[in-house]
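Reading through the structure tokens given below for one structure.
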Amino acid sequence: MIILGIETSCDETGCAILQKRGNRITILSNVVASSAKLQAKYGGIIPEQAAREQITSIIPVTEQALNEARITNKELSAIAVTQGPGLIGSLLVGVETAKTLALAWKKPLIAVNHLLGHFYANWIAKSRRFETPTFPCIGLLVSGGHTDLVLFQDHDTYKYLGGTRDDAAGECFDKCARLLDLPYPGGPPISQLAQKGDSAVFSLPRPMIGSGDFDFSFSGLKTAVANLLHTLQESKSTWRVKYDLAAAIEQAIVDVLIDKTIKAALKYKVKNIMVAGGVAANEKLRAALEKSCKLKTVSCKLFIPPAYLCTDNGAMIAAAAFFHTAVLDPLKLQADPNLSLY
Ligand code: KG4
Ligand code: ZN
């Protein structure tokens with residue numbers, strides 16, 4: 001089976017072609033065009049502008065994906081597309097393109113939930129000896145819009161355990177970066193600066209760490225950073241302060257994510273943990289999770305995609321479609337900005 005995956009939920013235009021042979025899913029091509037640099041000028045995403053960039057990119061990116069995979073549309077078994085959640089203008093570009101291609105090329109059309117798609121980056125083979133998660137499994141989704149803990153019993157049975165009550169972890173990185181005059185998206189520059197900083201210099205809260213449930217809250221952390229910057233006055237612009245503050249922000253976010261993920265694994269007695277979403281690209285989070293999973297009391301197998309498959313891409317959408325094969329009438333599929341997973 002060969003599937004073309006199309007992802008346009010936000011500011012990335014992703015088209016990828018994946019092949020499944022037996023249990024092994026491999027990437028034949030994976031092309032991503034991003035308008036993040038353009039959005040960075042304005043400190044965040046302007047939905048109208050993101051949608052316009054999607055329109056400009058979608059056809060060239062699809063053509064490039066076919067060329068790089070060295071296949072023609074005739075060899076495709078199906079077309080998969082992100083139906084939602086996301087920005088409606090951006091989603092519409094991918095959904096309408098996929099519908100048109102499915103009709104023109106006479107291919108089945110598979111709609112994929114973007115959040116579920118993120119988890120399936122863990123099913124893409126990266127090397128010869130490659131393992132995939134087994135069920136039951138705890139899933140941590142950490143992206144710009146979501147921070148969710150999910151208990152997967154199998155591909156079709158999953159339960160929402162908890163999530164953020166306000167800002168997502170990625171959103172917290174982005175907003176704190178803005179407070180520190182760092183570019184958008186804020187996760188990568190904060191983690192870069194944090195490497196030179198000492199996380200113990202500033203004390204920041206670990207919101208909801210002892211709440212006894214699997215919910216998160218990150219808006220208070222952002223407010224704590226804003227208040228701290230206010231008290232620091234002129235010194236807040238020095239690089240030393242920025243390094244230490246970046247390290248403290250990153251550590252606070254990582255501590256809460258690890259605490260709740262491990263508690264979920266212990267409570268539900270699972271031996272597999274998978275992480276997904278843009279924040280999963282964070283080196284500190286990856287290293288800390290690896291360490292925690294190796295603890296004798298935890299002893300879990302950890303699955304995290306390589307960084308390039310953590311942020312939005314078409315490969316994860318195609319990968320999800322191999323397991324969620326319900327085919328839709330192309331004329332009936334509607335983009336849904338509020339599509340729910342749970
Ligand atoms: O999954 P994603 O690409 O898009 C959404 O579906 O939201 O996630 C984007 C988020 C942004 O908030 C970005 O700052 C964050 O992922 N991010 C990171 C890193 N790379 C991307 N956060 C922390 N560390 C990183 N290395
Ligand atoms: Zn995403």
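Residue numbers start at 1 in each chain; chains themselves are named A, B, ... in the order of the structure tokens; ligands are numbered from 1 in the order shown.
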Check: Which neighbours of region 300-308 of chain A fall inside 6 Å, counting only C-alpha atoms, when residues of the same chain fewer than 6 positions from it are skipped, and could you give them as a count of residues only?
Finding: 9
Next item on the list: Would you return as a ChimeraX atom specification the members of region 38-252 of chain A that DSSP assigns to alpha helix (DSSP H) on this structure's backbone?
Entry: /A:38-40,47-69,88-105,114-120,169-179,187-194,219-232,239-252
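Residues in contact with Val150 (chain A) at 6 Å, where only C-alpha atoms are counted and same-chain residues fewer than 4 positions away are skipped, are listed as Ile138, Gly139, Lys159, Tyr160 and Leu161 of chain A.
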Would you write out those residues with N, CA and C atoms, as a CSV table (one decimal), in the first residue's frame?
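For reference, result.csv as written:
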chain,number,residue,atom,x,y,z
A,138,ILE,N,0.6,4.7,27.0
A,138,ILE,CA,0.3,6.1,27.4
A,138,ILE,C,0.8,7.0,26.3
A,139,GLY,N,0.0,7.9,25.8
A,139,GLY,CA,0.4,8.8,24.8
A,139,GLY,C,0.4,10.2,25.4
A,159,LYS,N,-8.6,6.6,25.5
A,159,LYS,CA,-9.3,7.4,26.5
A,159,LYS,C,-8.5,8.6,26.9
A,160,TYR,N,-9.2,9.8,26.9
A,160,TYR,CA,-8.5,11.0,27.3
A,160,TYR,C,-8.4,11.0,28.8
A,161,LEU,N,-7.1,11.1,29.3
A,161,LEU,CA,-6.9,11.1,30.8
A,161,LEU,C,-6.9,12.5,31.3
Next item on the list: Write out as a PyMOL selection string which residues come within 9 Å of His114 (chain A) when counting only C-alpha atoms, dropping same-chain ones fewer than 6 positions away.
Entry: chain A and resi 7+9+81-86+312+316-317+339+341
Note to self: Excluding Leu257 (chain A) and its own-chain neighbours fewer than 3 positions away, which residues fall within 12 Å of it when counting only C-alpha atoms? Please give them as a PyMOL selection string.
What the structure shows: chain A and resi 139-142+147-149+162-164+168-170+206-209+214-218+250-254+260-264+275+279-280+282+284-286+288-289+292
Note to self: Give me, as a ChimeraX atom specification, all polymer residues having an atom no more than 10 Å from region 95-108 of chain A, counting only C-alpha atoms and skipping those fewer than 4 positions away in the same chain.
What the structure shows: /A:3-9,55,58-59,62,73-74,76-84,90-91,325-336
Any chance you could tabulate, as a tab-separated table, the residues of chain A at most 6 Å from ligand 1 with each one's nearest atom pair and distance in Å to one decimal, using only C-alpha atoms and all ligand atoms, in chain and rising number order?
residue	atom	partner	partner_atom_place_in_ligand_line	distance
A:Ser143	CA	ligand 1	8 (O)	3.9
A:Gly144	CA	ligand 1	7 (O)	3.2
A:Gly145	CA	ligand 1	7 (O)	4.7
A:Gly170	CA	ligand 1	12 (O)	3.3
A:Glu171	CA	ligand 1	12 (O)	4.9
A:Phe173	CA	ligand 1	14 (O)	5.6
A:Asp174	CA	ligand 1	14 (O)	5.2
A:Pro185	CA	ligand 1	14 (O)	4.3
A:Gly186	CA	ligand 1	14 (O)	4.4
A:Gly187	CA	ligand 1	22 (N)	3.3
A:Pro188	CA	ligand 1	26 (N)	4.2
A:Ser191	CA	ligand 1	24 (N)	5.7
A:Gly277	CA	ligand 1	1 (O)	3.9
A:Gly278	CA	ligand 1	8 (O)	3.4
A:Val279	CA	ligand 1	22 (N)	3.7
A:Ala281	CA	ligand 1	26 (N)	4.6
A:Asn282	CA	ligand 1	26 (N)	3.7
A:Thr311	CA	ligand 1	3 (O)	3.3
A:Asp312	CA	ligand 1	3 (O)	4.2
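Using only C-alpha atoms and all ligand atoms, the smallest distance between any of A:Thr26, A:Gln233, A:Asn313, A:Thr56 and ligand 2 comes from A:Asn313.
Picture a line from CA of Leu182 (chain A) to CA of Ala33 (chain A); it runs 22.0 Å.
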Item checked: Filtered DSSP result for region 19-57 of chain A, state strand (DSSP E), as a VMD selection string -> chain A and resid 19 to 21 24 to 34
Once you have the residues from the selection above, write them out as an mmCIF file, in the first residue's frame, restricted to all heavy atoms.
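Output file selection13.cif is given in full below:
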data_model
loop_
_atom_site.group_PDB
_atom_site.id
_atom_site.type_symbol
_atom_site.label_atom_id
_atom_site.label_comp_id
_atom_site.auth_asym_id
_atom_site.auth_seq_id
_atom_site.Cartn_x
_atom_site.Cartn_y
_atom_site.Cartn_z
ATOM 1 N N GLN A 19 4.972 4.054 2.331
ATOM 2 C CA GLN A 19 4.661 2.700 1.854
ATOM 3 C C GLN A 19 4.576 1.755 3.043
ATOM 4 O O GLN A 19 5.388 1.860 3.974
ATOM 5 C CB GLN A 19 5.772 2.229 0.918
ATOM 6 C CG GLN A 19 5.514 0.868 0.313
ATOM 7 C CD GLN A 19 6.467 0.591 -0.844
ATOM 8 O OE1 GLN A 19 7.639 0.945 -0.781
ATOM 9 N NE2 GLN A 19 5.967 -0.032 -1.892
ATOM 10 N N LYS A 20 3.613 0.845 3.013
ATOM 11 C CA LYS A 20 3.516 -0.167 4.080
ATOM 12 C C LYS A 20 3.699 -1.536 3.449
ATOM 13 O O LYS A 20 2.959 -1.919 2.532
ATOM 14 C CB LYS A 20 2.150 -0.076 4.770
ATOM 15 C CG LYS A 20 2.012 -0.999 5.970
ATOM 16 C CD LYS A 20 0.799 -0.592 6.812
ATOM 17 C CE LYS A 20 0.695 -1.388 8.086
ATOM 18 N NZ LYS A 20 -0.058 -2.620 7.961
ATOM 19 N N ARG A 21 4.732 -2.237 3.930
ATOM 20 C CA ARG A 21 4.972 -3.624 3.487
ATOM 21 C C ARG A 21 4.954 -4.492 4.723
ATOM 22 O O ARG A 21 5.823 -4.331 5.576
ATOM 23 C CB ARG A 21 6.348 -3.739 2.848
ATOM 24 C CG ARG A 21 6.401 -3.232 1.441
ATOM 25 C CD ARG A 21 7.717 -3.687 0.842
ATOM 26 N NE ARG A 21 7.826 -3.312 -0.529
ATOM 27 C CZ ARG A 21 8.928 -2.836 -1.071
ATOM 28 N NH1 ARG A 21 10.009 -2.685 -0.345
ATOM 29 N NH2 ARG A 21 8.961 -2.534 -2.356
ATOM 30 N N ARG A 24 5.810 -2.931 8.208
ATOM 31 C CA ARG A 24 6.834 -1.901 8.140
ATOM 32 C C ARG A 24 6.379 -0.715 7.286
ATOM 33 O O ARG A 24 6.055 -0.853 6.105
ATOM 34 C CB ARG A 24 8.074 -2.555 7.519
ATOM 35 C CG ARG A 24 9.323 -1.795 7.721
ATOM 36 C CD ARG A 24 10.510 -2.576 7.185
ATOM 37 N NE ARG A 24 11.647 -1.683 7.126
ATOM 38 C CZ ARG A 24 12.341 -1.331 8.171
ATOM 39 N NH1 ARG A 24 12.058 -1.822 9.361
ATOM 40 N NH2 ARG A 24 13.338 -0.475 8.048
ATOM 41 N N ILE A 25 6.362 0.472 7.924
ATOM 42 C CA ILE A 25 5.960 1.687 7.200
ATOM 43 C C ILE A 25 7.202 2.535 6.950
ATOM 44 O O ILE A 25 7.922 2.887 7.896
ATOM 45 C CB ILE A 25 4.943 2.491 8.040
ATOM 46 C CG1 ILE A 25 3.651 1.676 8.225
ATOM 47 C CG2 ILE A 25 4.637 3.834 7.388
ATOM 48 C CD1 ILE A 25 2.652 2.320 9.166
ATOM 49 N N THR A 26 7.451 2.847 5.678
ATOM 50 C CA THR A 26 8.636 3.661 5.379
ATOM 51 C C THR A 26 8.252 4.898 4.562
ATOM 52 O O THR A 26 7.234 4.911 3.866
ATOM 53 C CB THR A 26 9.691 2.852 4.574
ATOM 54 O OG1 THR A 26 9.019 2.259 3.461
ATOM 55 C CG2 THR A 26 10.351 1.786 5.408
ATOM 56 N N ILE A 27 9.113 5.897 4.667
ATOM 57 C CA ILE A 27 8.879 7.162 3.957
ATOM 58 C C ILE A 27 9.525 7.085 2.573
ATOM 59 O O ILE A 27 10.722 6.812 2.457
ATOM 60 C CB ILE A 27 9.496 8.341 4.744
ATOM 61 C CG1 ILE A 27 8.778 8.523 6.087
ATOM 62 C CG2 ILE A 27 9.453 9.631 3.931
ATOM 63 C CD1 ILE A 27 9.327 9.654 6.949
ATOM 64 N N LEU A 28 8.734 7.327 1.516
ATOM 65 C CA LEU A 28 9.314 7.433 0.172
ATOM 66 C C LEU A 28 9.660 8.892 -0.110
ATOM 67 O O LEU A 28 10.611 9.195 -0.811
ATOM 68 C CB LEU A 28 8.334 6.901 -0.885
ATOM 69 C CG LEU A 28 7.885 5.437 -0.732
ATOM 70 C CD1 LEU A 28 7.005 5.017 -1.904
ATOM 71 C CD2 LEU A 28 9.078 4.491 -0.617
ATOM 72 N N SER A 29 8.846 9.800 0.426
ATOM 73 C CA SER A 29 9.178 11.233 0.352
ATOM 74 C C SER A 29 8.413 11.952 1.448
ATOM 75 O O SER A 29 7.362 11.490 1.899
ATOM 76 C CB SER A 29 8.812 11.812 -1.023
ATOM 77 O OG SER A 29 7.404 11.787 -1.190
ATOM 78 N N ASN A 30 8.964 13.079 1.892
ATOM 79 C CA ASN A 30 8.325 13.844 2.968
ATOM 80 C C ASN A 30 8.722 15.310 2.789
ATOM 81 O O ASN A 30 9.825 15.709 3.152
ATOM 82 C CB ASN A 30 8.802 13.309 4.323
ATOM 83 C CG ASN A 30 8.161 14.042 5.486
ATOM 84 O OD1 ASN A 30 7.064 14.588 5.359
ATOM 85 N ND2 ASN A 30 8.844 14.069 6.616
ATOM 86 N N VAL A 31 7.841 16.092 2.182
ATOM 87 C CA VAL A 31 8.167 17.490 1.855
ATOM 88 C C VAL A 31 7.354 18.416 2.758
ATOM 89 O O VAL A 31 6.145 18.244 2.891
ATOM 90 C CB VAL A 31 7.850 17.793 0.367
ATOM 91 C CG1 VAL A 31 8.272 19.204 0.001
ATOM 92 C CG2 VAL A 31 8.525 16.766 -0.538
ATOM 93 N N VAL A 32 8.038 19.369 3.385
ATOM 94 C CA VAL A 32 7.337 20.334 4.250
ATOM 95 C C VAL A 32 7.761 21.743 3.847
ATOM 96 O O VAL A 32 8.957 22.046 3.804
ATOM 97 C CB VAL A 32 7.666 20.114 5.748
ATOM 98 C CG1 VAL A 32 6.924 21.142 6.608
ATOM 99 C CG2 VAL A 32 7.299 18.702 6.202
ATOM 100 N N ALA A 33 6.773 22.589 3.534
ATOM 101 C CA ALA A 33 7.054 24.020 3.327
ATOM 102 C C ALA A 33 6.427 24.738 4.506
ATOM 103 O O ALA A 33 5.305 24.439 4.891
ATOM 104 C CB ALA A 33 6.421 24.493 2.023
ATOM 105 N N SER A 34 7.174 25.660 5.100
ATOM 106 C CA SER A 34 6.654 26.334 6.294
ATOM 107 C C SER A 34 6.620 27.838 6.090
ATOM 108 O O SER A 34 7.533 28.417 5.502
ATOM 109 C CB SER A 34 7.548 26.010 7.487
ATOM 110 O OG SER A 34 7.109 26.746 8.601
#
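The smallest atom-to-atom distance between ligand 2 and any of A:Ile88, A:Ala200, A:Cys10, A:Ile2, using only C-alpha atoms and all ligand atoms, is found for A:Cys10.
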Next item on the list: Could you tell me which of A:Leu66, A:Leu221, A:Pro183, A:Val241 comes closest to Lys196 (chain A) if we count only C-alpha atoms?
Entry: A:Val241
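Proximity ranking of A:Leu245, A:Ala111, A:Cys15, A:Ala276 relative to ligand 2 places A:Ala276 first, based on only C-alpha atoms and all ligand atoms.
Counting from CA of Pro337 (chain A), the distance to CA of Asp167 (chain A) is 17.7 Å.
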